[in-house]
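Right, one structure below, let's go through it.
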Amino acid sequence: MTHRTLPRFSATFDPHTISEIQRAAATGIYDIRGGGAKRRVPHFDDLLFLGASVSRYPLEGYRERCGTDVVLGTRFAREPVRLKIPVTVAGMSFGSLSAQAKEALGRGASAMGTSTTTGDGGMTEEERGHSTTLVYQLLPSRYGMSPDDLRRADAIEVVVGQGAKPGGGGMLLGQKINERVAEMRDLPEGIDQRSACRHPDWTGPDDLEIKIEELREITDWRIPIYVKVGASRPYYDVALAVKSGADVVVLDGMQGGTAATQEVFIEHVGIPTLAAIRPAVKALEDLGMHRKVQLVVSGGIRSGADVAKALALGADAVSIGTAALIALGDNDPALEEEYRALGTTAGAYDDWHEGNDPAGITTQRPELASRLDPVLAGRRLANYLGVLTLEAQTIARACGKSHVHNLEPEDLVALTIEAAAMAGVPLAGTDWIPGRGL
Amino acid sequence: MCGIVGLFAKSPSLEAHVGALTAQMLAVMGDRGPDSAGFAVYGADTGRLKLTLRSPDAAARDGALAALAARFGEVRPVRRDTHIVVSVPERDEIAARALLAESGVAVVGAGRRMELYKEVGRPEAVAAAFDLPAMAGTHAVGHTRMATESAVTTRGAHPFSTGPDQCLVHNGSLSNHNGVRRMLVREGIAFETENDSEVAAGYLTFRMREGASLEEALTAALADLDGFYTFLVGTRTGFAVLRDPIACKPAVMAETDDYVAFGSEFRALAGLPGIEDAHLFEPEPGRVYAWERPE
Amino acid sequence: MSYFDLADRPLRELNAALHALPVDTNDTHWNVENPAGRHAIACGLTVPITVDLKGHVGYYCAGMNKDADVTIRGNAGVGVAENMMSGRVTVKGDASQSAGASGRGGLLVIEGNAAARCGISMKGIDIVVKGSVGPMSAFMAQKGNLVVFGDAGEALGDSLYEARLFVRGTVASLGADCVETTMGDDDRAALAAVLDEAGLADPGDFRLYASARSLYHFKVDNLDAY
């Protein structure tokens with residue numbers, strides 16, 4: 001018997017890296033996929049709450065009130081958005097999602113008293129009809145943009161960027177541009193869609209201010225105007241959104257999902273959600289606008305703990321995208337056989353742009369989309385939103401708060417030095433906040 | 001991110017009104033830049049070097065004046081709010097700057113003709129504080145600032161002056177200014193702020209120091225400065241405009257027999273005399289526009 | 001006929017009054033004095049009225065227009081008639097950049113020149129420019145017709161989809177995937193219809209530029225074009 005060492009894989013050229021080099025060499029195109037960053041980055045998991053005990057008193061669960069309502073857009077709009085829970089559904093387009101999935105999102109969110117958001121592709125009847133509160137996005141592509149839809153929206157979100165790709169446009173491969181999607185977007189059917197990264201008629205905060213004025217004039221100053229940015233330089237971006245006249249700033253960290261973009265963008269551009277919140281809140285505080293211009297945070301929100309932590313760091317609400325799709329039925333293990341046939345596995349499926357989603361969510365193929373029952377899927381989303389809210393309330397009560405908005409950074413400690421530095425809270429068991437001296 | 005304005009008198013009859021017209025243009029651009037404002041006016045050449053000094057501290061300003069007077073005799077001070085313009089013989093510039101460095105006042109601009117004023121606040125208030133409407137000159141540039149990544153401070157306000165009688169105002173955002181700054185520092189250009197626009201000013205100073213004309217310096221900038229910009233530049237005798245090759249930031253110009261005017265938006269030009277019959281145009285991307293007058 | 005003087009009354013009042021008009025209003029002609037380069041004048045109109053703006057206007061004039069007929073007796077700022085749905089917007093002078101951006105219908109007539117990015121992202125609007133258009137015009141233009149009597153600047157029609165670009169003068173350069181092509185009967189009919197709608201005679205000699213459609217599906221050999 002010969003003595004040989006076990007085969008050893010390189011930490012640098014690990015099997016995934018090698019497969020990517022091989023794939024690039026074979027195809028000549030960068031990898032495009034959906035979903036957000038898959039690498040591990042410092043996140044809310046690295047924070048813990050300090051529950052009450054002797055020095056502070058908790059509220060009794062289920063009996064003593066802990067409010068969860070949130071009002072967005074109190075700065076200029078005559079009719080701000082009023083939500084019952086601090087969790088909203090992020091923008092995802094009809095086109096990237098099936099009509100059934102959009103309807104399910106509307107049903108689930110409306111049942112829980114919160115909002116949904118359109119996406120890069122216009123507003124559908126399914127969505128408007130089933131969403132009590134609907135945020136209408138104004139994107140660089142302007143697909144399907146219509147003044148009638150602007151006026152029947154409950155808020156407008158000017159999208160500057162998203163966490164998965166701050167600074168980037170996108171390319172949606174042709175498979176998903178079916179007849180209805182093509183018509184809504186004024187594009188030929190079946191072609192690759194190249195999305196712009198800048199708006200066609202403004203660049204920078206000085207022009208954004210004028211764009212916001214136009215949107216307010218068109219809607220007669222009735223509804224709030226949000227500005228959504230991908231997290232990269234949140235202090236400046238939030239400050240400039242405020243100076244440009246935004247009512248609400250939506251801040252999307254790098255774990256935020258996307259329908260389709262280059263993997264290199266998803267994994268290497270932008271900063272984690274955890275690292276983005278404090279600079280954003282600081283910008284609002286420095287301008288005297290914290291809680292006056294509301295901050296909505298998204299990117300990797302999964303549980304009520306994440307919700308509570310984002311609020312404690314200074315957000316007014318959070319937004320979910322990927323988690324909402326999972327709640328609808330995305331990546332369901334029951335579909336494992338079909339995921340295998342697509343060369344992947346339940347829990348890892350991210351080729352949302354290819355339009356072959358066996359769950360019927362990220363597809364335009366009628367035979368797949370019809371698998372999703374919008375009523376049932378909407379119910380699942382409502383259940384999930386309910387759990388997020390109950391969990392966040394549970395934590396808030398344990399910290400003695402009669403409203404989730406009364407959570408503070410001082411209610412948190414960090415497990416790691418990285419998280420402590422990013423969140424600006426002390427390392428657990430110490431009073432040390434890295435980067436802020438002793 | 002800002003509003004910029006400029007006026008270059010072709011006819012001497014307009015020179016008495018350059019300050020008043022610039023003030024009016026600046027005020028209109030207040031929405032584009034509410035954080036701070038500044039302007040440079042090119043007045044009469046007295047054969048001496050004019051230094052524009054700035055300090056928020058009146059005692060420091062008085063101390064500086066006393067020190068200058070003790071050393072150079074009469075320095076003809078003109079006080080305007082937080083700024084004082086003094087003039088010294090050109091050969092004494094280095095000595096004067098050394099004295100001023102000790103007295104804690106900043107030299108915001110220097111030149112035979114240029115006076116430069118900038119302060120935090122709404123543009124109309126800044127213009128009034130310095131009595132801009134009463135100033136006369138052959139040309140002027142002005143700026144209203146909405147700070148992006150640099151602090152809202154007077155030092156961060158435009159115009160930036162990095163050479164004698166040279167100043168620059170900028171609308172946009174450069175993307176390679178850190179690298180260019182390092183190169184310029186090696187070449188001996190001094191910077192006061194972290195502002196990207198000051199790097200652009202320093203770059204032009206460097207090119208002109210190496211012998212380039214204003215037009216040549218701006219042409220070189222097209223290759224070396226990356227990002228988005230509309231620059232408006234003043235020199236002792238020149239007035240020039242450059243937009244980056246993509247040209248996202250707005251720019252409108254008006255030309256008549258009497259003047260050349262620049263505004264980020266038409267609104268800024270709307271009150272100029274004879275605007276109804278002016279030749280209105282938008283500068284082309286990546287093309288240098290320069291006007292020169294005799295010394 | 002209604003008069004509104006923007007020197008005396010705020011813009012919000014004008015836009016609110018225009019938005020409040022019912023579709024069958026008898027108040028069908030509005031004269032607006034002293035626009036003085038203000039932004040967002042007469043944006044979001046929804047009824048078939050005529051609005052006459054006596055002077056230069058700022059950004060987004062007649063933005064998202066539906067059914068109204070807006071005339072600007074002067075120059076227009078950035079994004080005139082942006083995302084127009086229907087109706088007509090006429091600029092008697094020059095238009096700044098991004099004229100008619102992402103317009104989905106209606107007719108925009110610019111009697112002077114248009115600056116950079118005229119017709120960027122256009123989605124069905126027809127644009128007639130009697131002067132010349134600046135660089136990067138019809139960038140990513142999806143649908144509709146851009147008719148230019150004068151010249152076109154650099155990179156005309158970059159990343160063009162199905163819009164037709166008719167240019168009578170010289171074209172400084174063509175953008176990626178934009179090519180000159182021969183006019184078919186459909187194209188001639190489209191050009192004639194646009195000119196007819198604009199009330200202009202066809203001086204002849206237009207040349208047609210359209211998408212080569214080589215970027216419609218990703219090919220590694222087209223990498224330089226991305």
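Labels used: A, B, ... for chains in the order of the structure tokens, numbers from 1 for residues in each chain, and numbers from 1 for ligands as shown.
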
Compute the chain C side of the contact with chain A at 6 Å, counting only C-alpha atoms, and hand it back as a count of residues only. 9

Would you mind listing, as a list in words, all residues of chain B that have at least one atom within 7 Å of chain C, where only C-alpha atoms are what counts?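 Every residue of chain B that passes the 7 Å test is in Phe266, Arg267, Ala270 and Glu282 of chain B.
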
Can you write just those residues out, C-alpha atoms, as a compact mmCIF listing (two decimals), in the first residue's frame?
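As a result, selection-v3.txt now contains:
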# COMPACT_ATOMS: atom_id res chain seq x y z
CA PHE B 266 -31.17 79.60 -18.57
CA ARG B 267 -32.89 81.16 -15.55
CA ALA B 270 -32.84 85.59 -18.05
CA GLU B 282 -25.12 74.94 -25.12

Using only C-alpha atoms, which of A:Leu50, A:Ala26, A:Ala11, A:Leu287 sits nearest chain B?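 Of all the options, A:Leu287 lies closest to chain B.
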
Compile the contact shell of C:Tyr161 as JSON, numbers by chain: residues with an atom at most 8 Å away, counting only C-alpha atoms, same-chain residues fewer than 2 positions apart removed. {"A": [187, 188], "C": [140, 141, 142, 143, 159, 163, 210, 211, 213]}

Quick one: residues within 7 Å of stretch 321-329 of chain A, only C-alpha atoms, excluding same-chain residues fewer than 2 positions away - as a ChimeraX atom specification? /A:35,89-90,257,302,319,331-332,359,377-378,380-381,384

Given a cut-off of 12 Å, which residues of chain B touch chain A, counting only C-alpha atoms, written out as a VMD selection string? chain B and resid 1 to 4 29 to 35 144 to 152 171 to 173 228 to 229 246 to 250 264 to 265

Atom-to-atom span, atom CA of A:Asp69 and atom CA of A:Ile395, Å: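 Pair atom CA of A:Asp69 / atom CA of A:Ile395 returns 15.8 Å.
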
Within 9 Å of C:Leu53, counting only C-alpha atoms, which residues qualify if same-chain residues fewer than 3 places away don't, as a PDB file with N, CA and C atoms, in the first residue's frame?
ATOM      1  N   TRP C  30     -54.748  78.736 -22.818  1.00  0.00           N
ATOM      2  CA  TRP C  30     -54.066  79.411 -21.713  1.00  0.00           C
ATOM      3  C   TRP C  30     -52.817  80.115 -22.223  1.00  0.00           C
ATOM      4  N   ASN C  31     -52.721  81.386 -21.869  1.00  0.00           N
ATOM      5  CA  ASN C  31     -51.502  82.138 -22.177  1.00  0.00           C
ATOM      6  C   ASN C  31     -50.739  82.338 -20.883  1.00  0.00           C
ATOM      7  N   VAL C  32     -49.485  81.945 -20.889  1.00  0.00           N
ATOM      8  CA  VAL C  32     -48.679  82.074 -19.670  1.00  0.00           C
ATOM      9  C   VAL C  32     -47.542  83.052 -19.946  1.00  0.00           C
ATOM     10  N   GLU C  33     -47.514  84.119 -19.157  1.00  0.00           N
ATOM     11  CA  GLU C  33     -46.496  85.160 -19.329  1.00  0.00           C
ATOM     12  C   GLU C  33     -45.354  84.926 -18.338  1.00  0.00           C
ATOM     13  N   ASN C  34     -44.183  85.418 -18.713  1.00  0.00           N
ATOM     14  CA  ASN C  34     -43.001  85.434 -17.832  1.00  0.00           C
ATOM     15  C   ASN C  34     -42.588  84.077 -17.261  1.00  0.00           C
ATOM     16  N   PRO C  35     -42.451  83.072 -18.093  1.00  0.00           N
ATOM     17  CA  PRO C  35     -41.974  81.794 -17.559  1.00  0.00           C
ATOM     18  C   PRO C  35     -40.543  81.913 -17.015  1.00  0.00           C
ATOM     19  N   ILE C  41     -42.953  73.648 -15.715  1.00  0.00           N
ATOM     20  CA  ILE C  41     -44.144  74.401 -16.106  1.00  0.00           C
ATOM     21  C   ILE C  41     -45.027  73.509 -16.973  1.00  0.00           C
ATOM     22  N   HIS C  56     -38.696  81.779 -22.408  1.00  0.00           N
ATOM     23  CA  HIS C  56     -37.862  80.597 -22.177  1.00  0.00           C
ATOM     24  C   HIS C  56     -38.342  79.829 -20.945  1.00  0.00           C
ATOM     25  N   VAL C  57     -38.186  78.524 -20.976  1.00  0.00           N
ATOM     26  CA  VAL C  57     -38.602  77.692 -19.844  1.00  0.00           C
ATOM     27  C   VAL C  57     -37.431  76.848 -19.354  1.00  0.00           C
ATOM     28  N   VAL C  70     -48.817  72.173 -26.143  1.00  0.00           N
ATOM     29  CA  VAL C  70     -48.054  73.185 -25.417  1.00  0.00           C
ATOM     30  C   VAL C  70     -47.044  73.821 -26.375  1.00  0.00           C
ATOM     31  N   THR C  71     -47.031  75.150 -26.434  1.00  0.00           N
ATOM     32  CA  THR C  71     -46.058  75.853 -27.274  1.00  0.00           C
ATOM     33  C   THR C  71     -45.154  76.716 -26.399  1.00  0.00           C
ATOM     34  N   ILE C  72     -43.871  76.571 -26.629  1.00  0.00           N
ATOM     35  CA  ILE C  72     -42.889  77.344 -25.868  1.00  0.00           C
ATOM     36  C   ILE C  72     -42.299  78.379 -26.821  1.00  0.00           C
ATOM     37  N   ARG C  73     -42.608  79.632 -26.584  1.00  0.00           N
ATOM     38  CA  ARG C  73     -42.095  80.693 -27.462  1.00  0.00           C
ATOM     39  C   ARG C  73     -40.751  81.170 -26.945  1.00  0.00           C
ATOM     40  N   GLY C  74     -39.793  80.285 -27.000  1.00  0.00           N
ATOM     41  CA  GLY C  74     -38.451  80.569 -26.509  1.00  0.00           C
ATOM     42  C   GLY C  74     -37.687  79.263 -26.491  1.00  0.00           C
TER      43      GLY C  74
END

Between atom CA of C:Asp202 and atom CA of C:Ala190, measure the distance and give it in Å to one decimal.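 Calculated distance between atom CA of C:Asp202 and atom CA of C:Ala190 is 12.1 Å.
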
Within stretch 1-199 of chain C, find each residue whose DSSP state, derived from the backbone, is strand (DSSP E or B), and express the selection as an MDAnalysis selection string. chainID C and resid 2:5 29:33 50:54 69:72 76 88:91 95 107:110 114 123:129 133 143:148 152 156 164:167 171 174 178:181

C-alpha atoms of the current selection, written as a PDB file, in the first residue's frame:
ATOM      1  CA  SER C   2     -57.114  82.435 -19.607  1.00  0.00           C
ATOM      2  CA  TYR C   3     -54.043  84.449 -18.713  1.00  0.00           C
ATOM      3  CA  PHE C   4     -51.549  83.524 -16.077  1.00  0.00           C
ATOM      4  CA  ASP C   5     -48.548  85.662 -15.196  1.00  0.00           C
ATOM      5  CA  HIS C  29     -56.597  78.198 -24.252  1.00  0.00           C
ATOM      6  CA  TRP C  30     -54.066  79.411 -21.713  1.00  0.00           C
ATOM      7  CA  ASN C  31     -51.502  82.138 -22.177  1.00  0.00           C
ATOM      8  CA  VAL C  32     -48.679  82.074 -19.670  1.00  0.00           C
ATOM      9  CA  GLU C  33     -46.496  85.160 -19.329  1.00  0.00           C
ATOM     10  CA  THR C  50     -53.536  74.646 -25.682  1.00  0.00           C
ATOM     11  CA  VAL C  51     -50.959  76.318 -23.471  1.00  0.00           C
ATOM     12  CA  ASP C  52     -48.851  79.132 -24.852  1.00  0.00           C
ATOM     13  CA  LEU C  53     -45.698  79.908 -22.868  1.00  0.00           C
ATOM     14  CA  LYS C  54     -44.363  83.336 -23.766  1.00  0.00           C
ATOM     15  CA  ASP C  69     -50.825  71.158 -27.034  1.00  0.00           C
ATOM     16  CA  VAL C  70     -48.054  73.185 -25.417  1.00  0.00           C
ATOM     17  CA  THR C  71     -46.058  75.853 -27.274  1.00  0.00           C
ATOM     18  CA  ILE C  72     -42.889  77.344 -25.868  1.00  0.00           C
ATOM     19  CA  ALA C  76     -36.580  74.928 -23.426  1.00  0.00           C
ATOM     20  CA  ARG C  88     -48.054  67.998 -28.982  1.00  0.00           C
ATOM     21  CA  VAL C  89     -45.232  70.142 -27.654  1.00  0.00           C
ATOM     22  CA  THR C  90     -43.616  72.808 -29.833  1.00  0.00           C
ATOM     23  CA  VAL C  91     -40.405  74.607 -28.973  1.00  0.00           C
ATOM     24  CA  ALA C  95     -34.098  72.690 -26.665  1.00  0.00           C
ATOM     25  CA  LEU C 107     -45.309  64.818 -31.212  1.00  0.00           C
ATOM     26  CA  LEU C 108     -42.440  67.069 -30.108  1.00  0.00           C
ATOM     27  CA  VAL C 109     -41.417  69.727 -32.614  1.00  0.00           C
ATOM     28  CA  ILE C 110     -38.242  71.708 -31.976  1.00  0.00           C
ATOM     29  CA  ALA C 114     -31.685  70.267 -29.753  1.00  0.00           C
ATOM     30  CA  LYS C 123     -40.486  54.810 -26.487  1.00  0.00           C
ATOM     31  CA  GLY C 124     -42.925  55.763 -29.204  1.00  0.00           C
ATOM     32  CA  ILE C 125     -42.803  59.556 -29.338  1.00  0.00           C
ATOM     33  CA  ASP C 126     -42.202  61.312 -32.664  1.00  0.00           C
ATOM     34  CA  ILE C 127     -39.645  64.117 -32.525  1.00  0.00           C
ATOM     35  CA  VAL C 128     -39.011  66.611 -35.322  1.00  0.00           C
ATOM     36  CA  VAL C 129     -36.003  68.915 -35.031  1.00  0.00           C
ATOM     37  CA  VAL C 133     -29.301  67.505 -32.682  1.00  0.00           C
ATOM     38  CA  LYS C 143     -39.655  53.117 -30.542  1.00  0.00           C
ATOM     39  CA  GLY C 144     -40.922  56.129 -32.495  1.00  0.00           C
ATOM     40  CA  ASN C 145     -39.356  58.423 -35.081  1.00  0.00           C
ATOM     41  CA  LEU C 146     -36.699  61.114 -34.751  1.00  0.00           C
ATOM     42  CA  VAL C 147     -36.617  63.437 -37.766  1.00  0.00           C
ATOM     43  CA  VAL C 148     -33.697  65.869 -38.000  1.00  0.00           C
ATOM     44  CA  ALA C 152     -26.580  64.964 -35.886  1.00  0.00           C
ATOM     45  CA  LEU C 156     -26.144  58.934 -33.035  1.00  0.00           C
ATOM     46  CA  ARG C 164     -36.237  55.135 -36.763  1.00  0.00           C
ATOM     47  CA  LEU C 165     -33.835  58.061 -37.132  1.00  0.00           C
ATOM     48  CA  PHE C 166     -34.225  60.254 -40.234  1.00  0.00           C
ATOM     49  CA  VAL C 167     -31.420  62.786 -40.711  1.00  0.00           C
ATOM     50  CA  VAL C 171     -24.005  62.604 -38.987  1.00  0.00           C
ATOM     51  CA  LEU C 174     -22.921  56.527 -35.459  1.00  0.00           C
ATOM     52  CA  CYS C 178     -26.708  52.013 -35.389  1.00  0.00           C
ATOM     53  CA  VAL C 179     -26.403  51.757 -39.170  1.00  0.00           C
ATOM     54  CA  GLU C 180     -27.593  53.622 -42.217  1.00  0.00           C
ATOM     55  CA  THR C 181     -30.169  51.615 -44.063  1.00  0.00           C
TER      56      THR C 181
END

Spatial neighbours of B:Thr219, max dist 9 Å, only C-alpha atoms, sep filter under 4 positions, as a JSON list (two decimals) with N, CA and C atoms, in the first residue's frame:
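Dumped to result_30.json:
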[["chain", "number", "residue", "atom", "x", "y", "z"],
["B", 214, "LEU", "N", -4.35, 78.84, -21.54],
["B", 214, "LEU", "CA", -5.56, 78.36, -20.86],
["B", 214, "LEU", "C", -6.28, 77.31, -21.72],
["B", 215, "GLU", "N", -6.37, 77.59, -23.00],
["B", 215, "GLU", "CA", -7.04, 76.67, -23.91],
["B", 215, "GLU", "C", -6.31, 75.32, -23.98],
["B", 223, "ALA", "N", -7.99, 64.78, -21.23],
["B", 223, "ALA", "CA", -7.36, 63.46, -21.17],
["B", 223, "ALA", "C", -7.08, 63.03, -19.74],
["B", 242, "LEU", "N", -15.37, 74.40, -20.17],
["B", 242, "LEU", "CA", -15.18, 73.04, -20.68],
["B", 242, "LEU", "C", -16.17, 72.10, -20.01],
["B", 286, "GLY", "N", -16.85, 68.06, -24.40],
["B", 286, "GLY", "CA", -15.45, 67.84, -24.76],
["B", 286, "GLY", "C", -14.85, 68.91, -25.65],
["B", 287, "ARG", "N", -15.44, 70.08, -25.71],
["B", 287, "ARG", "CA", -14.89, 71.14, -26.55],
["B", 287, "ARG", "C", -14.55, 72.35, -25.69],
["B", 288, "VAL", "N", -13.36, 72.87, -25.87],
["B", 288, "VAL", "CA", -12.91, 74.02, -25.08],
["B", 288, "VAL", "C", -13.42, 75.31, -25.72]]

Just give me the gap between atom CA of C:Met64 and atom CA of C:Pro48 in Å, one decimal is fine.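 Pair atom CA of C:Met64 / atom CA of C:Pro48 returns 13.7 Å.
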
Skip B:Leu51 itself and residues of its chain fewer than 2 positions away, then list as a list of chain:residue names all residues within 9 Å of it, counting only C-alpha atoms.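 In the requested format, the answer is B:Leu49, B:Leu53, B:Ile84, B:Val85, B:Val86, B:Ser87, B:Val88, B:Glu93, B:Val107, B:Val108, B:Gly109, B:Ala110, B:Gly111, B:Arg112, B:Met114, B:Glu115, B:Leu116.
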
Any chance you can output those residues with N, CA and C atoms as a PDB file, in the first residue's frame?
ATOM      1  N   LEU B  49       0.239  93.595  -6.511  1.00  0.00           N
ATOM      2  CA  LEU B  49      -0.388  92.290  -6.301  1.00  0.00           C
ATOM      3  C   LEU B  49      -1.500  92.423  -5.264  1.00  0.00           C
ATOM      4  N   LEU B  53      -7.720  88.299   1.572  1.00  0.00           N
ATOM      5  CA  LEU B  53      -7.500  87.618   2.846  1.00  0.00           C
ATOM      6  C   LEU B  53      -8.848  87.279   3.462  1.00  0.00           C
ATOM      7  N   ILE B  84     -10.638  90.823   3.451  1.00  0.00           N
ATOM      8  CA  ILE B  84      -9.963  92.106   3.204  1.00  0.00           C
ATOM      9  C   ILE B  84      -9.095  91.929   1.963  1.00  0.00           C
ATOM     10  N   VAL B  85      -9.172  92.891   1.063  1.00  0.00           N
ATOM     11  CA  VAL B  85      -8.252  92.870  -0.077  1.00  0.00           C
ATOM     12  C   VAL B  85      -7.148  93.892   0.212  1.00  0.00           C
ATOM     13  N   VAL B  86      -5.912  93.429   0.134  1.00  0.00           N
ATOM     14  CA  VAL B  86      -4.775  94.333   0.320  1.00  0.00           C
ATOM     15  C   VAL B  86      -3.940  94.290  -0.952  1.00  0.00           C
ATOM     16  N   SER B  87      -3.085  95.284  -1.144  1.00  0.00           N
ATOM     17  CA  SER B  87      -2.180  95.157  -2.279  1.00  0.00           C
ATOM     18  C   SER B  87      -0.755  95.490  -1.851  1.00  0.00           C
ATOM     19  N   VAL B  88       0.151  94.694  -2.374  1.00  0.00           N
ATOM     20  CA  VAL B  88       1.582  94.842  -2.054  1.00  0.00           C
ATOM     21  C   VAL B  88       2.347  94.818  -3.377  1.00  0.00           C
ATOM     22  N   GLU B  93       5.550  89.234  -2.740  1.00  0.00           N
ATOM     23  CA  GLU B  93       4.506  88.230  -2.490  1.00  0.00           C
ATOM     24  C   GLU B  93       4.930  87.183  -1.456  1.00  0.00           C
ATOM     25  N   VAL B 107      -5.144  83.257   2.734  1.00  0.00           N
ATOM     26  CA  VAL B 107      -5.094  83.982   1.458  1.00  0.00           C
ATOM     27  C   VAL B 107      -5.945  83.168   0.487  1.00  0.00           C
ATOM     28  N   VAL B 108      -7.121  83.674   0.130  1.00  0.00           N
ATOM     29  CA  VAL B 108      -8.009  82.879  -0.725  1.00  0.00           C
ATOM     30  C   VAL B 108      -7.778  83.142  -2.204  1.00  0.00           C
ATOM     31  N   GLY B 109      -7.096  84.243  -2.521  1.00  0.00           N
ATOM     32  CA  GLY B 109      -6.810  84.499  -3.917  1.00  0.00           C
ATOM     33  C   GLY B 109      -5.746  85.569  -4.030  1.00  0.00           C
ATOM     34  N   ALA B 110      -5.011  85.516  -5.127  1.00  0.00           N
ATOM     35  CA  ALA B 110      -3.961  86.506  -5.333  1.00  0.00           C
ATOM     36  C   ALA B 110      -3.842  86.784  -6.816  1.00  0.00           C
ATOM     37  N   GLY B 111      -3.544  88.051  -7.140  1.00  0.00           N
ATOM     38  CA  GLY B 111      -3.357  88.365  -8.543  1.00  0.00           C
ATOM     39  C   GLY B 111      -3.368  89.862  -8.738  1.00  0.00           C
ATOM     40  N   ARG B 112      -3.021  90.305  -9.929  1.00  0.00           N
ATOM     41  CA  ARG B 112      -3.011  91.750 -10.181  1.00  0.00           C
ATOM     42  C   ARG B 112      -4.421  92.284 -10.320  1.00  0.00           C
ATOM     43  N   MET B 114      -7.542  89.945  -9.874  1.00  0.00           N
ATOM     44  CA  MET B 114      -8.617  89.129  -9.303  1.00  0.00           C
ATOM     45  C   MET B 114      -8.829  89.380  -7.805  1.00  0.00           C
ATOM     46  N   GLU B 115     -10.070  89.552  -7.426  1.00  0.00           N
ATOM     47  CA  GLU B 115     -10.469  89.515  -6.014  1.00  0.00           C
ATOM     48  C   GLU B 115     -11.436  88.356  -5.869  1.00  0.00           C
ATOM     49  N   LEU B 116     -11.337  87.628  -4.749  1.00  0.00           N
ATOM     50  CA  LEU B 116     -12.101  86.389  -4.636  1.00  0.00           C
ATOM     51  C   LEU B 116     -12.772  86.317  -3.267  1.00  0.00           C
TER      52      LEU B 116
END
